[in-house]
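J.: This is the structure I want to talk about, given as C-alpha cells.
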Amino acid sequence: MTYGADGPPAGADRPDAWPFVITRTASHDFQVVVAPRFLAETRTHALLTSAAGGEVSGHSAYLREYRDQAGYSLWLLYRVVYLTGADVGQDVEYVRNRSRRTPLTEGVVLRDRPRTDEATRELFQFVHGLCADVVKDFYNADSVTFGVRPSDAVRMPAGGAPLSCVTLDTYQSKRSIEAALSGRRRPSAGERVPVGPGGGPVAVPVPQDGGGVPAPGGYHAGPGGPGSPDPGGQGPRGSGGSGSTGGAGGPAMAGGGRAGPAGGRSADRAWGIVGALTLTVLVLSVALLVVLLGSV
C-alpha cells in the first residue's frame, strides 16, 4: 500500500523495514556494513552511502526518499551518531580516527513512506542492537575485504519517544533499482530477524564475484570499497567530499566518449614513429655499406 506525503495513518499496519548501517574503521573509509538483503544480493547497496547524509546528533533523525531514473522509490529513515568504544569493545568513550570521532549512520529502508513520528529512540536502539555484533566485527577486522552483511525485514517497534525528524530533499538517482525490487520477496515470519539485541542480521554464503576475497557471510562489491558511488544528488558527507558524486557522474565517466578517437590517434602516432625509425636504420645501414665497400 502507498500512502500520501504524511505517511501511513496512526494505527495502520506497521510496514516491513530493513536495517542498514554505514561507518568506517581506523584505516578504511566509510562503507555500508549492513544493508537490506535485496540491495546486497544485487550489489546496489552503495546507494545508501550516496543518499544517507546528515549531521551527527543524538536528538534528531532524517527521512529521505531515494528515487531512481524510472521513478521507483525507497525511503530511508535514519540517524547519525558517534561510534562508541562500547560498540567495538574498546575502553574509550568514543572511537576516533586521527583525533576525530567516528560517525555511525544507522536506520531502516522502507518501500513506502513512513511517518516522521516513527523516528523514535526505541527504533534506533532496536536497529543498533540488531547490528551490534556485525559492527563490532567490521571495525575490529579493519579490512577492505569485509563484505556487506544482508538484513532481512523486521517490524518497526510500535510507539516510543519520537526524535526531531528532518525530511531531506529527494535523492534523484540516474541508476535503476528495478532489478533489486523485482527480486525482493516478503520473507515469512520464520525468516525475519529476531527481535532484541541478541539477534543479528542474517548472513548467507557468498558466491565469488571477482571483487576480492569477501569475509564469510558478506557480499563484496569490489576491491577497495563498498561499490561505485550512485550518480545522482549530493553525497553523504557534503559537497566536494569523497562521497559526493554530483549530477554529472564520477571522474571515471568524464570524457568517456572521447576514449575511442584518442586511442586511434595514439596508435597512428606510434606506427609513424616506428616507420621513421625503420627508415633511419635502413639509410644508415646503406651508408655504412658504401663506406665499407669504398675502403676495400
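So you can find residues: chains in the C-alpha cells are A, B, ... in the order shown, residues in each start at 1, and ligands are numbered from 1 in order.
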Extract the full set of alpha helix (DSSP H) residues from segment 45-216 of chain A according to DSSP on the backbone, and format it as a ChimeraX atom specification.

T.: /A:47-51,85-88,121-141,178-182

J.: Find the spatial neighbours of segment 159-171 of chain A, counting only C-alpha atoms, within a cut-off of 8 Å - ignore same-chain residues fewer than 5 positions away - and output them as a VMD selection string.

T.: chain A and resid 51 59 to 67 116 to 123 232 to 234

J.: Could you dump the residues just selected with N, CA, C and O atoms as a short mmCIF file (atom, residue, chain, number, x, y, z; two decimals), in the first residue's frame?

T.:
data_model
loop_
_atom_site.label_atom_id
_atom_site.label_comp_id
_atom_site.auth_asym_id
_atom_site.auth_seq_id
_atom_site.Cartn_x
_atom_site.Cartn_y
_atom_site.Cartn_z
N ALA A 51 22.86 8.41 -0.45
CA ALA A 51 21.63 9.09 -0.04
C ALA A 51 21.57 9.43 1.44
O ALA A 51 20.90 10.39 1.83
N HIS A 59 19.72 13.78 19.04
CA HIS A 59 18.34 14.19 19.29
C HIS A 59 17.51 14.33 18.02
O HIS A 59 16.35 14.72 18.10
N SER A 60 18.09 14.03 16.87
CA SER A 60 17.34 14.19 15.62
C SER A 60 17.60 13.02 14.68
O SER A 60 18.58 12.28 14.84
N ALA A 61 16.72 12.89 13.70
CA ALA A 61 16.82 11.83 12.70
C ALA A 61 16.51 12.44 11.34
O ALA A 61 16.14 13.61 11.23
N TYR A 62 16.67 11.61 10.29
CA TYR A 62 16.44 12.08 8.92
C TYR A 62 15.52 11.11 8.18
O TYR A 62 15.57 9.89 8.39
N LEU A 63 14.72 11.68 7.31
CA LEU A 63 13.89 10.91 6.39
C LEU A 63 14.22 11.37 4.99
O LEU A 63 14.19 12.58 4.70
N ARG A 64 14.53 10.43 4.11
CA ARG A 64 14.87 10.80 2.74
C ARG A 64 14.36 9.76 1.75
O ARG A 64 14.49 8.56 1.97
N GLU A 65 13.82 10.26 0.66
CA GLU A 65 13.39 9.39 -0.43
C GLU A 65 14.53 9.22 -1.41
O GLU A 65 15.17 10.19 -1.82
N TYR A 66 14.78 7.97 -1.79
CA TYR A 66 15.71 7.66 -2.88
C TYR A 66 14.85 7.27 -4.08
O TYR A 66 14.08 6.32 -4.00
N ARG A 67 14.98 8.01 -5.18
CA ARG A 67 14.17 7.75 -6.36
C ARG A 67 15.07 7.49 -7.55
O ARG A 67 15.96 8.28 -7.85
N THR A 116 6.95 10.66 10.13
CA THR A 116 8.14 11.17 10.80
C THR A 116 8.14 10.84 12.29
O THR A 116 9.21 10.73 12.90
N ASP A 117 6.95 10.65 12.89
CA ASP A 117 6.93 10.32 14.31
C ASP A 117 7.30 8.87 14.58
O ASP A 117 7.34 8.43 15.73
N GLU A 118 7.57 8.11 13.51
CA GLU A 118 8.08 6.75 13.69
C GLU A 118 9.59 6.72 13.87
O GLU A 118 10.17 5.67 14.12
N ALA A 119 10.21 7.89 13.74
CA ALA A 119 11.65 8.01 14.01
C ALA A 119 11.84 8.14 15.51
O ALA A 119 12.07 9.23 16.04
N THR A 120 11.73 7.03 16.22
CA THR A 120 11.79 7.05 17.67
C THR A 120 13.15 6.57 18.18
O THR A 120 13.88 5.87 17.48
N ARG A 121 13.44 6.96 19.39
CA ARG A 121 14.68 6.50 20.02
C ARG A 121 14.67 4.97 20.13
O ARG A 121 15.70 4.32 19.96
N GLU A 122 13.47 4.40 20.38
CA GLU A 122 13.36 2.95 20.50
C GLU A 122 13.66 2.25 19.17
O GLU A 122 14.28 1.17 19.15
N LEU A 123 13.25 2.85 18.06
CA LEU A 123 13.54 2.27 16.75
C LEU A 123 15.04 2.16 16.53
O LEU A 123 15.56 1.10 16.14
N GLY A 232 23.98 10.86 -8.95
CA GLY A 232 22.70 11.49 -8.66
C GLY A 232 22.91 12.73 -7.85
O GLY A 232 23.74 13.57 -8.18
N GLY A 233 22.22 12.85 -6.73
CA GLY A 233 22.30 14.05 -5.90
C GLY A 233 23.57 14.08 -5.09
O GLY A 233 24.46 13.26 -5.23
N GLN A 234 23.62 15.06 -4.18
CA GLN A 234 24.81 15.27 -3.37
C GLN A 234 25.09 14.08 -2.47
O GLN A 234 24.19 13.44 -1.96
#

J.: Grab the atom CA of Thr49 of chain A to atom CA of Ser182 of chain A distance for me, in Å with one decimal place.

T.: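 Taking atom CA of Thr49 of chain A and atom CA of Ser182 of chain A, their separation equals 21.8 Å.
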
J.: Between atom CA of Asp16 of chain A and atom CA of Arg79 of chain A, what is the distance in Å, rounded to a tenth?

T.: 18.3 Å

J.: Find, counting only C-alpha atoms, the residue in A:Arg111, A:Arg100, A:Arg24, A:Arg155 that gets nearest to Phe38 of chain A.

T.: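 The answer is A:Arg111, which sits nearest to Phe38 of chain A.
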
J.: Can you pull out every residue from segment 10-199 of chain A that DSSP, working from the backbone, puts in strand (DSSP E or B), and format the result as a ChimeraX atom specification?

T.: /A:16-23,31-36,60-67,73-82,84,94,96-97,100-101,103-110,120,148-151,154-155,162,164-167,171-172

J.: For Ala180 of chain A, please output as a PyMOL selection string all residues within 10 Å (counting only C-alpha atoms; exclusion window: fewer than 5 positions along the same chain).

T.: chain A and resi 37-45
